[in-house]
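> There's a structure below that I have some questions on.
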Amino acid sequence: MLNAEKVFEPQGFSQIGDDHIVKYEETFGAHHYERINMVVRQSEGCWLTDINGKKYFDCLAAYSAANPGHHHPKIVKAVVDALNNNYGSVISNVVYTDSLGLFLKRAAEFAPQLAPRFGKNGNKVLPKNGGVESVETAIKAARYYGWKSKGIPDGKQEIIVFKNNFHGRMTTVISFSTTQKYKQGFGPLTPGFVAVEYGNIAEVEKAINKNTCGILVEPMQGEGGMNVPPEGFLKGLRELSDKNDLILLFDEIQVGLGRTGKRFAFEHENVIPDGLILGKAISGGVLPLSVFITNSYLMDLIFKQGSDGSTFGGYPLACVAGIAALDVIENENLAEKSAIQGANLKKRLEDIGKRSPHVKEVRGKGLFIGIEVKEGNAMEFCRKLLDLGILANDSHGHTIRISPPLIINDKEIDFLVEKMEKVLVG
C-alpha cells in the first residue's frame, strides 16, 4: 500500500481511496471507456454503494446483465456452493460435466422451438463467454449454411445487418458497424456484410442477392439509440427469410430474458428466429456466459468436431450460475414484472416529457426505455442524475437509457421519477 493512500472503513473489496482507484485505472488500464466519476464498492438489488456508504440507484443494470438485480441471493448461493464443494473449476472439454449438461438442457428448453421450418427437432446450445463470441458463432452458422445448403461459394457469403447496430467490438463484428469510432484504424476489416436502414423492409428485400445467407438483427436496438422497430418489421424479416432460404438471427443479448416485458423480445410480434443469441443476464450478471441457440438439425449440420471451441465456454461455475439465473427469471416472473413496472414507469416518464423543454421522445417496451433529448446531449443529463443518486448513461449520444434491474419496486420508481423530474423539468 502506498503511504499516500487514504484508508477508509471497509466498503467492498478494498479500503483504497477513490482517487487512487481512478489513478490506477488511468495509469495501468486502456482508456477505452468514457467514465462517470464514481467508484462502486458494493452492489445489491437495484442499488450501488460508494466508499462512504452513499447509495445510487442503478438505472443501467450493466446493459441488462443484472436483470435479476445485483447479487441475487439464489444465484450467489449456487455459485458459492459450487466453489465450496469443488465443482466450480474449469474442466477440459475432453470429458463431460454434469453442470454443462444440465445447463444446456435448461437453456435449450427455455427458448421455443427455433427454426421450425427445419422440423421440430428440439434446440441445441453452443456456450461461450461474452456475448460478442456468440455473435461470431451465429455468423459462422449463417455462413456455413449458405455454403453447405445454398451452394454459395465459400468466401462469397453475405449477411444483411442494420445501421446503428451494436453486436460487440471484435474485429469481424466491428467490420459491419456503422459507428466509425468502433472500427477506424482497425482494418483490414472483414467483408461479407451489407448494412441497411433499421426498420426498413423494402431496403432489406432490395439487398438480398444470390450470395445472401442470413440476416442478423437486434429485435430492439440498445446502443443504437434505444430504438423500437415499426410494427411488422420482424414479421417482414421472417417472411423474407423463408422466401429466400436465409438464416434469421436475433441478437437478444440486451433485450432478451425479460427486459422488454416478454421472455424474448421477438415474442412481441410472435415471430420465431432460426438462431438466437443470448448473454449478459443469462448468468444473472455474476459470471461471463453467453449462448448461441438453434434448431438441432442446424447445429448438427454446421458444427463438427474441431469447428468450434472455447476453454471457458460453458465451464462449470458459469453453468451453475446460468441454471440458477434462468430459474430466477422464470420462477420470479421477471418478464411479467418488467411489463407491469415498465408500463407504469414509461407512462410517468412520458408525462415528464410533455412538460420538459428538453425531451423529444420517450420510447421502449417493458423496462427498456429511452428518453431522447432535443439537444443531443444525453450525457449532460446523466451527470446531473448522478449528483442526485441515479446512475444512468447515454445511448448513441442523444438518448438517456432507462434499463434498471427487473426487480424494481414502486418506491424505487417513485425515487427515479422524482429525480428525472428535477433534471428534465426543473
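If you're wondering about the labels, chains in the C-alpha cells are A, B, ... by order shown, residues count from 1 in each chain, ligands from 1 in order shown.
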Taking 2 positions as the minimum chain separation for residues in the same chain, which residues sit within 6 Å of range 259-261 of chain A when counting only C-alpha atoms? Answer as a VMD selection string.
chain A and resid 255 to 257 335 to 336 338 to 339 365 to 368
> What's around Arg106 in chain A at 7 Å? Count only C-alpha atoms, leave out sequence neighbours fewer than 4 positions away in its own chain, and write the answer as a PyMOL selection string.
chain A and resi 102+110+323
> How about saving the chosen residues, N, CA and C atoms kept, as a PDB file, in the first residue's frame?

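That gives us selection_13.pdb:
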ATOM      1  N   LEU A 102     -26.638 -30.126 -17.704  1.00  0.00           N
ATOM      2  CA  LEU A 102     -27.881 -29.595 -17.149  1.00  0.00           C
ATOM      3  C   LEU A 102     -28.158 -28.186 -17.653  1.00  0.00           C
ATOM      4  N   PHE A 110     -35.554 -23.399 -22.557  1.00  0.00           N
ATOM      5  CA  PHE A 110     -36.024 -22.085 -22.134  1.00  0.00           C
ATOM      6  C   PHE A 110     -36.561 -21.296 -23.328  1.00  0.00           C
ATOM      7  N   ILE A 323     -27.870 -21.806 -14.753  1.00  0.00           N
ATOM      8  CA  ILE A 323     -29.058 -22.574 -14.347  1.00  0.00           C
ATOM      9  C   ILE A 323     -29.842 -21.795 -13.301  1.00  0.00           C
TER      10      ILE A 323
END
> Write out as a VMD selection string each polymer residue whose atoms come within 10 Å of Ser403 in chain A, counting only C-alpha atoms; drop sequence neighbours fewer than 4 positions from it.
chain A and resid 58 to 64 66 to 67 222 226 254 to 255 259 to 260 342 364 366 to 370 392 to 393
> Write out as an MDAnalysis selection string the residues lying within 8 Å of range 274-290 of chain A, counting only C-alpha atoms and excluding same-chain residues fewer than 5 positions away.
chainID A and resid 62:72 75:76 114:116 127:131 133:135 138 247:254 256:257 295 313:314 318:319 321:326
> Let me see the file: selected residues, C-alpha atoms, as a short mmCIF file (atom, residue, chain, number, x, y, z; two decimals), in the first residue's frame.

data_model
loop_
_atom_site.label_atom_id
_atom_site.label_comp_id
_atom_site.auth_asym_id
_atom_site.auth_seq_id
_atom_site.Cartn_x
_atom_site.Cartn_y
_atom_site.Cartn_z
CA ALA A 62 -24.97 -3.26 -16.71
CA TYR A 63 -26.84 -3.06 -20.02
CA SER A 64 -29.27 -5.81 -18.95
CA ALA A 65 -26.67 -8.13 -17.39
CA ALA A 66 -28.14 -7.61 -13.92
CA ASN A 67 -31.77 -8.22 -14.85
CA PRO A 68 -32.42 -10.21 -11.63
CA GLY A 69 -30.75 -7.48 -9.56
CA HIS A 70 -27.19 -7.39 -8.26
CA HIS A 71 -26.04 -10.34 -6.15
CA HIS A 72 -29.35 -12.15 -6.33
CA ILE A 75 -27.63 -17.13 -7.89
CA VAL A 76 -24.90 -16.20 -5.38
CA LEU A 114 -36.23 -22.33 -33.16
CA ALA A 115 -36.10 -22.63 -36.96
CA PRO A 116 -39.29 -24.74 -37.06
CA PRO A 127 -21.99 -21.80 -24.99
CA LYS A 128 -19.32 -19.11 -24.94
CA ASN A 129 -18.22 -16.31 -22.58
CA GLY A 130 -19.06 -12.76 -23.68
CA GLY A 131 -21.99 -12.02 -25.98
CA GLU A 133 -18.35 -14.54 -29.02
CA SER A 134 -21.84 -15.91 -29.54
CA VAL A 135 -22.49 -13.31 -32.22
CA ALA A 138 -24.06 -17.13 -35.17
CA ILE A 247 -30.92 -17.89 -41.64
CA LEU A 248 -32.65 -15.27 -39.47
CA LEU A 249 -30.54 -14.45 -36.40
CA PHE A 250 -31.85 -12.43 -33.44
CA ASP A 251 -29.32 -10.84 -31.08
CA GLU A 252 -31.20 -10.58 -27.78
CA ILE A 253 -28.15 -10.06 -25.56
CA GLN A 254 -29.55 -6.76 -24.26
CA GLY A 256 -33.94 -10.81 -24.01
CA LEU A 257 -34.64 -12.66 -20.78
CA ASN A 295 -32.60 -25.99 -34.15
CA GLY A 313 -17.21 -21.50 -22.77
CA GLY A 314 -19.72 -23.40 -20.65
CA ALA A 318 -20.68 -20.32 -15.29
CA CYS A 319 -23.17 -23.13 -15.98
CA ALA A 321 -24.82 -19.52 -12.39
CA GLY A 322 -26.72 -19.89 -15.67
CA ILE A 323 -29.06 -22.57 -14.35
CA ALA A 324 -29.79 -20.50 -11.24
CA ALA A 325 -30.33 -17.31 -13.26
CA LEU A 326 -32.78 -18.94 -15.68
#
> Write out as a PyMOL selection string each polymer residue whose atoms come within 10 Å of Ile51 in chain A, counting only C-alpha atoms; drop sequence neighbours fewer than 4 positions from it.
chain A and resi 8-12+14-18+38-42+55
> What parts of range 35-274 of chain A does DSSP call strand (DSSP E or B)? I'd like the answer as JSON, numbers by chain.
{"A": [42, 43, 44, 45, 47, 48, 49, 55, 56, 57, 58, 70, 123, 124, 125, 126, 127, 128, 158, 159, 160, 161, 162, 193, 194, 195, 196, 212, 213, 214, 215, 216, 217, 221, 227, 247, 248, 249, 250, 251]}
> Based on the selection just made, write C-alpha atoms of those residues as a PDB file, in the first residue's frame.

ATOM      1  CA  GLN A  42     -20.811  -2.768  -3.350  1.00  0.00           C
ATOM      2  CA  SER A  43     -23.979  -3.668  -5.221  1.00  0.00           C
ATOM      3  CA  GLU A  44     -27.228  -5.238  -4.093  1.00  0.00           C
ATOM      4  CA  GLY A  45     -30.607  -5.408  -5.776  1.00  0.00           C
ATOM      5  CA  TRP A  47     -28.529  -0.176  -5.654  1.00  0.00           C
ATOM      6  CA  LEU A  48     -24.830   0.645  -5.846  1.00  0.00           C
ATOM      7  CA  THR A  49     -22.750   1.896  -2.899  1.00  0.00           C
ATOM      8  CA  LYS A  55     -26.250   4.669  -2.376  1.00  0.00           C
ATOM      9  CA  TYR A  56     -27.067   5.196  -6.051  1.00  0.00           C
ATOM     10  CA  PHE A  57     -29.985   3.730  -7.949  1.00  0.00           C
ATOM     11  CA  ASP A  58     -28.706   1.641 -10.876  1.00  0.00           C
ATOM     12  CA  HIS A  70     -27.190  -7.386  -8.259  1.00  0.00           C
ATOM     13  CA  ASN A 123     -32.953 -26.920 -29.783  1.00  0.00           C
ATOM     14  CA  LYS A 124     -29.224 -27.223 -29.198  1.00  0.00           C
ATOM     15  CA  VAL A 125     -26.924 -24.758 -27.452  1.00  0.00           C
ATOM     16  CA  LEU A 126     -23.312 -23.722 -28.039  1.00  0.00           C
ATOM     17  CA  PRO A 127     -21.991 -21.802 -24.990  1.00  0.00           C
ATOM     18  CA  LYS A 128     -19.324 -19.109 -24.939  1.00  0.00           C
ATOM     19  CA  GLU A 158     -23.218 -12.178 -47.335  1.00  0.00           C
ATOM     20  CA  ILE A 159     -25.208 -11.329 -44.216  1.00  0.00           C
ATOM     21  CA  ILE A 160     -27.622  -8.393 -44.038  1.00  0.00           C
ATOM     22  CA  VAL A 161     -27.190  -6.218 -40.927  1.00  0.00           C
ATOM     23  CA  PHE A 162     -28.620  -2.859 -39.859  1.00  0.00           C
ATOM     24  CA  PHE A 193     -21.898  -7.724 -44.684  1.00  0.00           C
ATOM     25  CA  VAL A 194     -24.464  -5.320 -46.129  1.00  0.00           C
ATOM     26  CA  ALA A 195     -25.938  -2.645 -43.812  1.00  0.00           C
ATOM     27  CA  VAL A 196     -29.440  -1.298 -44.437  1.00  0.00           C
ATOM     28  CA  THR A 212     -27.138 -13.676 -49.156  1.00  0.00           C
ATOM     29  CA  CYS A 213     -27.137 -16.364 -46.471  1.00  0.00           C
ATOM     30  CA  GLY A 214     -28.616 -14.642 -43.420  1.00  0.00           C
ATOM     31  CA  ILE A 215     -29.995 -11.627 -41.592  1.00  0.00           C
ATOM     32  CA  LEU A 216     -28.605 -10.506 -38.217  1.00  0.00           C
ATOM     33  CA  VAL A 217     -30.755  -8.093 -36.226  1.00  0.00           C
ATOM     34  CA  GLN A 221     -31.643  -1.636 -30.701  1.00  0.00           C
ATOM     35  CA  ASN A 227     -34.864   2.021 -30.940  1.00  0.00           C
ATOM     36  CA  ILE A 247     -30.918 -17.891 -41.639  1.00  0.00           C
ATOM     37  CA  LEU A 248     -32.650 -15.269 -39.465  1.00  0.00           C
ATOM     38  CA  LEU A 249     -30.538 -14.447 -36.397  1.00  0.00           C
ATOM     39  CA  PHE A 250     -31.846 -12.434 -33.438  1.00  0.00           C
ATOM     40  CA  ASP A 251     -29.325 -10.840 -31.083  1.00  0.00           C
TER      41      ASP A 251
END
> Using CA of Thr179 in chain A and CA of Gly236 in chain A as the two end points, give the distance in Å to one decimal.
25.6 Å
> With only C-alpha atoms as the counted atoms, please give the residues lying no more than 12 Å from Glu350 in chain A, apart from itself and same-chain residues fewer than 6 positions off, as a list in words.
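Final neighbour list, sorted by chain and number: Gly342, Ala343, Asn344, Ser356, Val359, Lys360, Glu361, Val362, Arg363, Gly364, Ile369, Gly370, Ile371, Glu372, Val417, Met420, Glu421 and Leu424 of chain A.
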> Calculated over only C-alpha atoms, which of the candidates A:Phe103, A:Val320, A:Ser395, A:Lys337 has the smallest distance to Val80 in chain A?
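Once distances to Val80 in chain A are computed over only C-alpha atoms, the minimum belongs to A:Val320.
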> Can you tell me, as a PyMOL selection string, what residues are no more than 10 Å from Asn200 in chain A when counting only C-alpha atoms, ignoring any on the same chain fewer than 2 positions away?
chain A and resi 162+196-198+202-205+229-230+233+236-237
> What is the CA of Phe118 in chain A-CA of Val271 in chain A distance in Å, reported with one decimal?
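Result for CA of Phe118 in chain A versus CA of Val271 in chain A: 15.4 Å, one decimal.
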> Can you list, as a short mmCIF file (atom, residue, chain, number, x, y, z; two decimals) with C-alpha atoms, in the first residue's frame, every residue of range 31-233 of chain A that DSSP puts in alpha helix (DSSP H)?

data_model
loop_
_atom_site.label_atom_id
_atom_site.label_comp_id
_atom_site.auth_asym_id
_atom_site.auth_seq_id
_atom_site.Cartn_x
_atom_site.Cartn_y
_atom_site.Cartn_z
CA ALA A 61 -28.26 -2.93 -14.81
CA ALA A 62 -24.97 -3.26 -16.71
CA TYR A 63 -26.84 -3.06 -20.02
CA SER A 64 -29.27 -5.81 -18.95
CA PRO A 73 -29.17 -14.46 -3.29
CA LYS A 74 -30.22 -17.63 -5.15
CA ILE A 75 -27.63 -17.13 -7.89
CA VAL A 76 -24.90 -16.20 -5.38
CA LYS A 77 -25.69 -19.27 -3.26
CA ALA A 78 -25.44 -21.54 -6.29
CA VAL A 79 -22.01 -20.12 -7.17
CA VAL A 80 -20.71 -20.18 -3.59
CA ASP A 81 -21.90 -23.77 -3.14
CA ALA A 82 -20.10 -24.77 -6.33
CA LEU A 83 -16.83 -23.26 -5.12
CA ASN A 84 -17.13 -24.63 -1.60
CA ASP A 98 -22.98 -32.58 -15.14
CA SER A 99 -23.28 -28.81 -14.79
CA LEU A 100 -22.77 -28.27 -18.53
CA GLY A 101 -25.22 -30.98 -19.47
CA LEU A 102 -27.88 -29.60 -17.15
CA PHE A 103 -27.30 -26.03 -18.32
CA LEU A 104 -27.53 -26.98 -22.00
CA LYS A 105 -30.85 -28.72 -21.36
CA ARG A 106 -32.19 -25.77 -19.35
CA ALA A 107 -31.17 -23.18 -21.96
CA ALA A 108 -32.37 -25.24 -24.93
CA GLU A 109 -35.81 -25.69 -23.36
CA PHE A 110 -36.02 -22.08 -22.13
CA GLY A 131 -21.99 -12.02 -25.98
CA VAL A 132 -19.78 -11.00 -28.91
CA GLU A 133 -18.35 -14.54 -29.02
CA SER A 134 -21.84 -15.91 -29.54
CA VAL A 135 -22.49 -13.31 -32.22
CA GLU A 136 -19.42 -14.62 -34.03
CA THR A 137 -20.76 -18.16 -33.58
CA ALA A 138 -24.06 -17.13 -35.17
CA ILE A 139 -22.23 -15.52 -38.10
CA LYS A 140 -20.31 -18.75 -38.64
CA ALA A 141 -23.58 -20.67 -38.59
CA ALA A 142 -25.22 -18.50 -41.26
CA ARG A 143 -22.15 -18.58 -43.48
CA TYR A 144 -21.77 -22.34 -43.24
CA TYR A 145 -25.44 -22.86 -44.05
CA GLY A 146 -25.09 -20.61 -47.09
CA TRP A 147 -22.13 -22.66 -48.31
CA LYS A 148 -23.39 -26.13 -47.42
CA THR A 171 -12.80 -7.48 -35.47
CA THR A 172 -15.46 -9.25 -37.53
CA VAL A 173 -18.29 -7.53 -35.66
CA ILE A 174 -16.90 -4.00 -35.88
CA GLN A 180 -16.81 4.96 -37.19
CA LYS A 181 -15.07 5.09 -33.79
CA TYR A 182 -15.61 1.36 -33.35
CA LYS A 183 -13.62 0.44 -36.45
CA ILE A 201 -38.25 -3.94 -45.03
CA ALA A 202 -38.02 -2.58 -48.56
CA GLU A 203 -34.29 -1.95 -48.14
CA VAL A 204 -33.79 -5.46 -46.77
CA GLU A 205 -35.57 -7.01 -49.76
CA LYS A 206 -33.55 -4.91 -52.17
CA ALA A 207 -30.26 -6.02 -50.52
CA PHE A 233 -40.75 -5.37 -39.15
#
> Pick from A:Cys382, A:Leu246, A:Ala111, A:Leu234: nearest to Ile152 in chain A, with only C-alpha atoms counted?
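Result for the nearest residue to Ile152 in chain A: A:Leu246.
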